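The file run-v3.txt contains compact mmCIF, N, CA and C atoms:
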```txt
# COMPACT_ATOMS: atom_id res chain seq x y z
N MET A 973 -6.07 21.17 -10.83
CA MET A 973 -5.65 19.90 -10.25
C MET A 973 -5.15 19.00 -11.38
N ARG A 974 -4.12 18.24 -11.06
CA ARG A 974 -3.56 17.36 -12.09
C ARG A 974 -3.64 15.91 -11.65
N GLN A 975 -3.86 15.05 -12.61
CA GLN A 975 -3.92 13.61 -12.37
C GLN A 975 -2.51 13.09 -12.14
N GLN A 976 -2.31 12.32 -11.06
CA GLN A 976 -1.01 11.73 -10.74
C GLN A 976 -1.22 10.26 -10.40
N ALA A 977 -0.26 9.44 -10.75
CA ALA A 977 -0.37 8.00 -10.54
C ALA A 977 0.90 7.45 -9.92
N VAL A 978 0.75 6.32 -9.23
CA VAL A 978 1.87 5.64 -8.59
C VAL A 978 1.55 4.15 -8.52
N GLY A 979 2.60 3.34 -8.41
CA GLY A 979 2.41 1.90 -8.28
C GLY A 979 3.49 1.31 -7.39
N ALA A 980 3.20 0.13 -6.88
CA ALA A 980 4.16 -0.60 -6.04
C ALA A 980 4.02 -2.09 -6.36
N LYS A 981 5.15 -2.76 -6.46
CA LYS A 981 5.17 -4.19 -6.79
C LYS A 981 6.27 -4.82 -5.96
N GLY A 982 6.02 -6.00 -5.42
CA GLY A 982 7.06 -6.64 -4.64
C GLY A 982 6.68 -8.02 -4.16
N LYS A 983 7.54 -8.55 -3.30
CA LYS A 983 7.33 -9.87 -2.70
C LYS A 983 7.62 -9.75 -1.22
N LEU A 984 6.68 -10.16 -0.39
CA LEU A 984 6.86 -10.11 1.06
C LEU A 984 7.28 -11.48 1.58
N LEU A 985 8.23 -11.44 2.50
CA LEU A 985 8.70 -12.65 3.16
C LEU A 985 8.55 -12.50 4.66
N CYS A 986 8.28 -13.59 5.32
CA CYS A 986 8.28 -13.66 6.78
C CYS A 986 9.43 -14.60 7.11
N GLY A 987 10.57 -14.03 7.48
CA GLY A 987 11.79 -14.84 7.59
C GLY A 987 12.20 -15.23 6.19
N ASN A 988 12.30 -16.52 5.93
CA ASN A 988 12.65 -16.98 4.58
C ASN A 988 11.46 -17.60 3.86
N ARG A 989 10.24 -17.43 4.43
CA ARG A 989 9.03 -18.00 3.82
C ARG A 989 8.19 -16.89 3.18
N PRO A 990 7.51 -17.19 2.08
CA PRO A 990 6.60 -16.21 1.49
C PRO A 990 5.48 -15.84 2.47
N ALA A 991 5.15 -14.57 2.52
CA ALA A 991 4.07 -14.09 3.39
C ALA A 991 2.80 -13.96 2.55
N GLY A 992 2.01 -15.01 2.51
CA GLY A 992 0.78 -15.03 1.72
C GLY A 992 -0.40 -14.47 2.48
N ASN A 993 -1.36 -13.95 1.74
CA ASN A 993 -2.62 -13.42 2.26
C ASN A 993 -2.40 -12.27 3.24
N VAL A 994 -1.43 -11.41 2.95
CA VAL A 994 -1.14 -10.23 3.77
C VAL A 994 -1.80 -9.01 3.12
N LYS A 995 -2.51 -8.23 3.92
CA LYS A 995 -3.16 -7.03 3.39
C LYS A 995 -2.13 -5.94 3.13
N VAL A 996 -2.21 -5.32 1.95
CA VAL A 996 -1.34 -4.20 1.58
C VAL A 996 -2.21 -3.07 1.02
N LYS A 997 -1.83 -1.83 1.34
CA LYS A 997 -2.57 -0.67 0.85
C LYS A 997 -1.60 0.39 0.35
N LEU A 998 -1.97 1.05 -0.71
CA LEU A 998 -1.22 2.16 -1.27
C LEU A 998 -2.00 3.44 -0.99
N TRP A 999 -1.39 4.35 -0.25
CA TRP A 999 -2.05 5.59 0.20
C TRP A 999 -1.37 6.81 -0.41
N ASP A 1000 -2.13 7.89 -0.51
CA ASP A 1000 -1.58 9.22 -0.73
C ASP A 1000 -1.81 9.98 0.56
N GLU A 1001 -0.73 10.27 1.28
CA GLU A 1001 -0.86 11.00 2.54
C GLU A 1001 -0.95 12.49 2.24
N ASP A 1002 -1.96 13.12 2.81
CA ASP A 1002 -2.20 14.55 2.59
C ASP A 1002 -2.07 15.32 3.89
N ASP A 1003 -1.65 16.58 3.77
CA ASP A 1003 -1.56 17.48 4.92
C ASP A 1003 -2.80 18.37 4.95
N GLY A 1004 -3.06 18.93 6.11
CA GLY A 1004 -4.15 19.89 6.23
C GLY A 1004 -5.51 19.23 6.23
N PRO A 1005 -6.51 19.94 5.74
CA PRO A 1005 -7.88 19.44 5.83
C PRO A 1005 -8.20 18.35 4.81
N ASP A 1006 -7.36 18.17 3.80
CA ASP A 1006 -7.60 17.16 2.78
C ASP A 1006 -7.30 15.78 3.37
N PRO A 1007 -8.28 14.87 3.42
CA PRO A 1007 -8.02 13.55 4.01
C PRO A 1007 -7.10 12.70 3.14
N ASP A 1008 -6.41 11.74 3.77
CA ASP A 1008 -5.57 10.80 3.03
C ASP A 1008 -6.45 9.98 2.09
N ASP A 1009 -5.88 9.58 0.96
CA ASP A 1009 -6.61 8.81 -0.04
C ASP A 1009 -6.05 7.41 -0.17
N VAL A 1010 -6.91 6.39 -0.13
CA VAL A 1010 -6.50 5.03 -0.45
C VAL A 1010 -6.51 4.93 -1.97
N LEU A 1011 -5.35 4.68 -2.57
CA LEU A 1011 -5.24 4.60 -4.02
C LEU A 1011 -5.52 3.19 -4.53
N ASP A 1012 -5.13 2.17 -3.75
CA ASP A 1012 -5.38 0.78 -4.11
C ASP A 1012 -5.12 -0.07 -2.88
N GLU A 1013 -5.73 -1.23 -2.84
CA GLU A 1013 -5.49 -2.18 -1.75
C GLU A 1013 -5.71 -3.59 -2.24
N GLY A 1014 -5.09 -4.52 -1.55
CA GLY A 1014 -5.24 -5.92 -1.94
C GLY A 1014 -4.51 -6.81 -0.95
N TYR A 1015 -4.28 -8.06 -1.37
CA TYR A 1015 -3.61 -9.06 -0.55
C TYR A 1015 -2.50 -9.71 -1.36
N THR A 1016 -1.45 -10.15 -0.69
CA THR A 1016 -0.40 -10.90 -1.37
C THR A 1016 -0.95 -12.27 -1.76
N ASP A 1017 -0.37 -12.84 -2.81
CA ASP A 1017 -0.76 -14.19 -3.21
C ASP A 1017 -0.02 -15.21 -2.33
N ASP A 1018 -0.19 -16.47 -2.62
CA ASP A 1018 0.43 -17.53 -1.80
C ASP A 1018 1.96 -17.45 -1.79
N GLU A 1019 2.54 -16.82 -2.81
CA GLU A 1019 4.00 -16.68 -2.89
C GLU A 1019 4.49 -15.35 -2.30
N GLY A 1020 3.57 -14.54 -1.76
CA GLY A 1020 3.94 -13.26 -1.16
C GLY A 1020 4.01 -12.10 -2.14
N ASN A 1021 3.63 -12.33 -3.39
CA ASN A 1021 3.69 -11.28 -4.41
C ASN A 1021 2.49 -10.35 -4.33
N PHE A 1022 2.73 -9.07 -4.64
CA PHE A 1022 1.65 -8.10 -4.71
C PHE A 1022 1.97 -7.07 -5.79
N GLN A 1023 0.92 -6.43 -6.29
CA GLN A 1023 1.07 -5.33 -7.24
C GLN A 1023 -0.12 -4.40 -7.04
N LEU A 1024 0.17 -3.14 -6.73
CA LEU A 1024 -0.85 -2.13 -6.52
C LEU A 1024 -0.58 -0.95 -7.43
N LYS A 1025 -1.63 -0.27 -7.85
CA LYS A 1025 -1.47 0.96 -8.62
C LYS A 1025 -2.72 1.80 -8.44
N GLY A 1026 -2.53 3.09 -8.50
CA GLY A 1026 -3.68 3.98 -8.34
C GLY A 1026 -3.34 5.38 -8.76
N SER A 1027 -4.39 6.22 -8.82
CA SER A 1027 -4.19 7.61 -9.22
C SER A 1027 -5.18 8.50 -8.48
N THR A 1028 -4.86 9.79 -8.45
CA THR A 1028 -5.72 10.78 -7.81
C THR A 1028 -5.42 12.14 -8.41
N ARG A 1029 -6.33 13.05 -8.23
CA ARG A 1029 -6.12 14.44 -8.68
C ARG A 1029 -5.76 15.28 -7.47
N GLU A 1030 -4.63 15.98 -7.54
CA GLU A 1030 -4.14 16.82 -6.45
C GLU A 1030 -3.54 18.09 -7.02
N LEU A 1031 -3.59 19.15 -6.23
CA LEU A 1031 -2.92 20.40 -6.62
C LEU A 1031 -1.42 20.29 -6.49
N THR A 1032 -0.95 19.64 -5.42
CA THR A 1032 0.48 19.47 -5.17
C THR A 1032 0.89 18.03 -5.48
N SER A 1033 2.17 17.76 -5.41
CA SER A 1033 2.66 16.40 -5.66
C SER A 1033 2.11 15.43 -4.62
N ILE A 1034 1.80 14.21 -5.07
CA ILE A 1034 1.29 13.21 -4.14
C ILE A 1034 2.45 12.68 -3.28
N ASP A 1035 2.10 12.20 -2.09
CA ASP A 1035 3.05 11.59 -1.16
C ASP A 1035 2.65 10.14 -0.96
N PRO A 1036 3.08 9.24 -1.86
CA PRO A 1036 2.64 7.84 -1.77
C PRO A 1036 3.30 7.10 -0.61
N VAL A 1037 2.50 6.24 0.03
CA VAL A 1037 2.96 5.42 1.15
C VAL A 1037 2.39 4.02 0.96
N LEU A 1038 3.25 3.00 1.11
CA LEU A 1038 2.81 1.61 1.09
C LEU A 1038 2.68 1.14 2.52
N LYS A 1039 1.50 0.64 2.89
CA LYS A 1039 1.29 0.12 4.25
C LYS A 1039 1.06 -1.38 4.16
N ILE A 1040 1.74 -2.11 5.05
CA ILE A 1040 1.66 -3.57 5.11
C ILE A 1040 1.08 -3.95 6.46
N TYR A 1041 0.01 -4.73 6.46
CA TYR A 1041 -0.71 -5.09 7.68
C TYR A 1041 -0.42 -6.55 8.03
N HIS A 1042 0.68 -6.77 8.76
CA HIS A 1042 1.11 -8.13 9.10
C HIS A 1042 2.06 -8.06 10.28
N ASP A 1043 2.06 -9.09 11.11
CA ASP A 1043 2.99 -9.09 12.26
C ASP A 1043 4.11 -10.13 12.11
N CYS A 1044 4.14 -10.87 11.03
CA CYS A 1044 5.20 -11.84 10.73
C CYS A 1044 5.41 -12.84 11.87
N ASP A 1045 4.32 -13.22 12.53
CA ASP A 1045 4.37 -14.26 13.55
C ASP A 1045 5.40 -14.00 14.63
N ASP A 1046 5.60 -12.70 14.99
CA ASP A 1046 6.57 -12.37 16.03
C ASP A 1046 5.95 -12.35 17.43
N GLY A 1047 4.65 -12.65 17.51
CA GLY A 1047 3.97 -12.71 18.80
C GLY A 1047 3.47 -11.36 19.29
N ILE A 1048 3.77 -10.29 18.57
CA ILE A 1048 3.30 -8.95 18.96
C ILE A 1048 2.27 -8.51 17.94
N LYS A 1049 1.10 -8.13 18.40
CA LYS A 1049 0.04 -7.68 17.48
C LYS A 1049 0.04 -6.18 17.36
```

The structure given in the file should be rewritten as structure tokens.
Amino acid sequence: MRQQAVGAKGKLLCGNRPAGNVKVKLWDEDDGPDPDDVLDEGYTDDEGNFQLKGSTRELTSIDPVLKIYHDCDDGIK
């Protein structure tokens, strides 16, 4: 197994306003019996900025996915 790392950095907006206090997670999605791994998680700051990074040991290449948990005030949950 080899150590692999990934990171994500950005700024979230809701329309033209910063999306503050939004939960974000960085995952490694796995196939088969190996469960998905949460590599890092956090919240955006008041300006909508976030930075996540993490690593895991896998036999095959990791499949990183950034998940954002927010509805941007569109009225649909």

- What gap, in Å, lies between atom CA of A:His1042 and atom CA of A:Lys981?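 Those two atoms sit 16.9 Å apart.
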
List every protein, DNA or RNA residue that has at least one atom no more than 6 Å from (-2.7, -7.1, -1.2) in the file's coordinates, counting only C-alpha atoms, and write the result as an mmCIF file with N, CA and C atoms, in the frame of the given file.
```cif
data_model
loop_
_atom_site.group_PDB
_atom_site.id
_atom_site.type_symbol
_atom_site.label_atom_id
_atom_site.label_comp_id
_atom_site.auth_asym_id
_atom_site.auth_seq_id
_atom_site.Cartn_x
_atom_site.Cartn_y
_atom_site.Cartn_z
ATOM 1 N N LYS A 995 -2.510 -8.230 3.920
ATOM 2 C CA LYS A 995 -3.160 -7.030 3.390
ATOM 3 C C LYS A 995 -2.130 -5.940 3.130
ATOM 4 N N VAL A 996 -2.210 -5.320 1.950
ATOM 5 C CA VAL A 996 -1.340 -4.200 1.580
ATOM 6 C C VAL A 996 -2.210 -3.070 1.020
ATOM 7 N N GLU A 1013 -5.730 -1.230 -2.840
ATOM 8 C CA GLU A 1013 -5.490 -2.180 -1.750
ATOM 9 C C GLU A 1013 -5.710 -3.590 -2.240
ATOM 10 N N GLY A 1014 -5.090 -4.520 -1.550
ATOM 11 C CA GLY A 1014 -5.240 -5.920 -1.940
ATOM 12 C C GLY A 1014 -4.510 -6.810 -0.950
ATOM 13 N N TYR A 1015 -4.280 -8.060 -1.370
ATOM 14 C CA TYR A 1015 -3.610 -9.060 -0.550
ATOM 15 C C TYR A 1015 -2.500 -9.710 -1.360
ATOM 16 N N THR A 1016 -1.450 -10.150 -0.690
ATOM 17 C CA THR A 1016 -0.400 -10.900 -1.370
ATOM 18 C C THR A 1016 -0.950 -12.270 -1.760
ATOM 19 N N PHE A 1022 2.730 -9.070 -4.640
ATOM 20 C CA PHE A 1022 1.650 -8.100 -4.710
ATOM 21 C C PHE A 1022 1.970 -7.070 -5.790
#
```

- Interatomic distance (Å, one decimal) between atom CA of A:Asp1018 and atom CA of A:Leu985: 10.8 Å

- Among stretch 979-1047 of chain A, which ones does DSSP place in strand (DSSP E), written as an NGL selection string? :A and (979-983 or 985-986 or 989-990 or 995-1000 or 1009-1015 or 1021-1030 or 1036-1041)

- Item | Atomic separation - atom CA of A:Asp1006 relative to atom CA of A:Lys1025, Å |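 Straight-line distance from atom CA of A:Lys1025 to atom CA of A:Asp1006 works out to 20.7 Å.
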
Box for stretch 1022-1032 of chain A - axis-aligned, 4 Å on each of the six sides, all listed atoms - centre and size in Å to one decimal, as AutoDock Vina command-line options.
```
--center_x -1.8 --center_y 5.7 --center_z -6.9 --size_x 17.1 --size_y 37.5 --size_z 12.6
```

- Message: Please return as a PyMOL selection string every residue within 10 Å of (0.5, 14.4, -3.7), taking into account only C-alpha atoms and the file's own coordinates.
- Response: chain A and resi 974-977+999-1003+1008-1009+1027-1036

Using only N, CA and C atoms, please write the residues we just selected to a file, as a PDB file, in the frame of the given file.
```pdb
ATOM      1  N   ARG A 974      -4.120  18.240 -11.060  1.00  0.00           N
ATOM      2  CA  ARG A 974      -3.560  17.360 -12.090  1.00  0.00           C
ATOM      3  C   ARG A 974      -3.640  15.910 -11.650  1.00  0.00           C
ATOM      4  N   GLN A 975      -3.860  15.050 -12.610  1.00  0.00           N
ATOM      5  CA  GLN A 975      -3.920  13.610 -12.370  1.00  0.00           C
ATOM      6  C   GLN A 975      -2.510  13.090 -12.140  1.00  0.00           C
ATOM      7  N   GLN A 976      -2.310  12.320 -11.060  1.00  0.00           N
ATOM      8  CA  GLN A 976      -1.010  11.730 -10.740  1.00  0.00           C
ATOM      9  C   GLN A 976      -1.220  10.260 -10.400  1.00  0.00           C
ATOM     10  N   ALA A 977      -0.260   9.440 -10.750  1.00  0.00           N
ATOM     11  CA  ALA A 977      -0.370   8.000 -10.540  1.00  0.00           C
ATOM     12  C   ALA A 977       0.900   7.450  -9.920  1.00  0.00           C
ATOM     13  N   TRP A 999      -1.390   4.350  -0.250  1.00  0.00           N
ATOM     14  CA  TRP A 999      -2.050   5.590   0.200  1.00  0.00           C
ATOM     15  C   TRP A 999      -1.370   6.810  -0.410  1.00  0.00           C
ATOM     16  N   ASP A1000      -2.130   7.890  -0.510  1.00  0.00           N
ATOM     17  CA  ASP A1000      -1.580   9.220  -0.730  1.00  0.00           C
ATOM     18  C   ASP A1000      -1.810   9.980   0.560  1.00  0.00           C
ATOM     19  N   GLU A1001      -0.730  10.270   1.280  1.00  0.00           N
ATOM     20  CA  GLU A1001      -0.860  11.000   2.540  1.00  0.00           C
ATOM     21  C   GLU A1001      -0.950  12.490   2.240  1.00  0.00           C
ATOM     22  N   ASP A1002      -1.960  13.120   2.810  1.00  0.00           N
ATOM     23  CA  ASP A1002      -2.200  14.550   2.590  1.00  0.00           C
ATOM     24  C   ASP A1002      -2.070  15.320   3.890  1.00  0.00           C
ATOM     25  N   ASP A1003      -1.650  16.580   3.770  1.00  0.00           N
ATOM     26  CA  ASP A1003      -1.560  17.480   4.920  1.00  0.00           C
ATOM     27  C   ASP A1003      -2.800  18.370   4.950  1.00  0.00           C
ATOM     28  N   ASP A1008      -6.410  11.740   3.770  1.00  0.00           N
ATOM     29  CA  ASP A1008      -5.570  10.800   3.030  1.00  0.00           C
ATOM     30  C   ASP A1008      -6.450   9.980   2.090  1.00  0.00           C
ATOM     31  N   ASP A1009      -5.880   9.580   0.960  1.00  0.00           N
ATOM     32  CA  ASP A1009      -6.610   8.810  -0.040  1.00  0.00           C
ATOM     33  C   ASP A1009      -6.050   7.410  -0.170  1.00  0.00           C
ATOM     34  N   SER A1027      -4.390   6.220  -8.820  1.00  0.00           N
ATOM     35  CA  SER A1027      -4.190   7.610  -9.220  1.00  0.00           C
ATOM     36  C   SER A1027      -5.180   8.500  -8.480  1.00  0.00           C
ATOM     37  N   THR A1028      -4.860   9.790  -8.450  1.00  0.00           N
ATOM     38  CA  THR A1028      -5.720  10.780  -7.810  1.00  0.00           C
ATOM     39  C   THR A1028      -5.420  12.140  -8.410  1.00  0.00           C
ATOM     40  N   ARG A1029      -6.330  13.050  -8.230  1.00  0.00           N
ATOM     41  CA  ARG A1029      -6.120  14.440  -8.680  1.00  0.00           C
ATOM     42  C   ARG A1029      -5.760  15.280  -7.470  1.00  0.00           C
ATOM     43  N   GLU A1030      -4.630  15.980  -7.540  1.00  0.00           N
ATOM     44  CA  GLU A1030      -4.140  16.820  -6.450  1.00  0.00           C
ATOM     45  C   GLU A1030      -3.540  18.090  -7.020  1.00  0.00           C
ATOM     46  N   LEU A1031      -3.590  19.150  -6.230  1.00  0.00           N
ATOM     47  CA  LEU A1031      -2.920  20.400  -6.620  1.00  0.00           C
ATOM     48  C   LEU A1031      -1.420  20.290  -6.490  1.00  0.00           C
ATOM     49  N   THR A1032      -0.950  19.640  -5.420  1.00  0.00           N
ATOM     50  CA  THR A1032       0.480  19.470  -5.170  1.00  0.00           C
ATOM     51  C   THR A1032       0.890  18.030  -5.480  1.00  0.00           C
ATOM     52  N   SER A1033       2.170  17.760  -5.410  1.00  0.00           N
ATOM     53  CA  SER A1033       2.660  16.400  -5.660  1.00  0.00           C
ATOM     54  C   SER A1033       2.110  15.430  -4.620  1.00  0.00           C
ATOM     55  N   ILE A1034       1.800  14.210  -5.070  1.00  0.00           N
ATOM     56  CA  ILE A1034       1.290  13.210  -4.140  1.00  0.00           C
ATOM     57  C   ILE A1034       2.450  12.680  -3.280  1.00  0.00           C
ATOM     58  N   ASP A1035       2.100  12.200  -2.090  1.00  0.00           N
ATOM     59  CA  ASP A1035       3.050  11.590  -1.160  1.00  0.00           C
ATOM     60  C   ASP A1035       2.650  10.140  -0.960  1.00  0.00           C
ATOM     61  N   PRO A1036       3.080   9.240  -1.860  1.00  0.00           N
ATOM     62  CA  PRO A1036       2.640   7.840  -1.770  1.00  0.00           C
ATOM     63  C   PRO A1036       3.300   7.100  -0.610  1.00  0.00           C
TER      64      PRO A1036
END
```
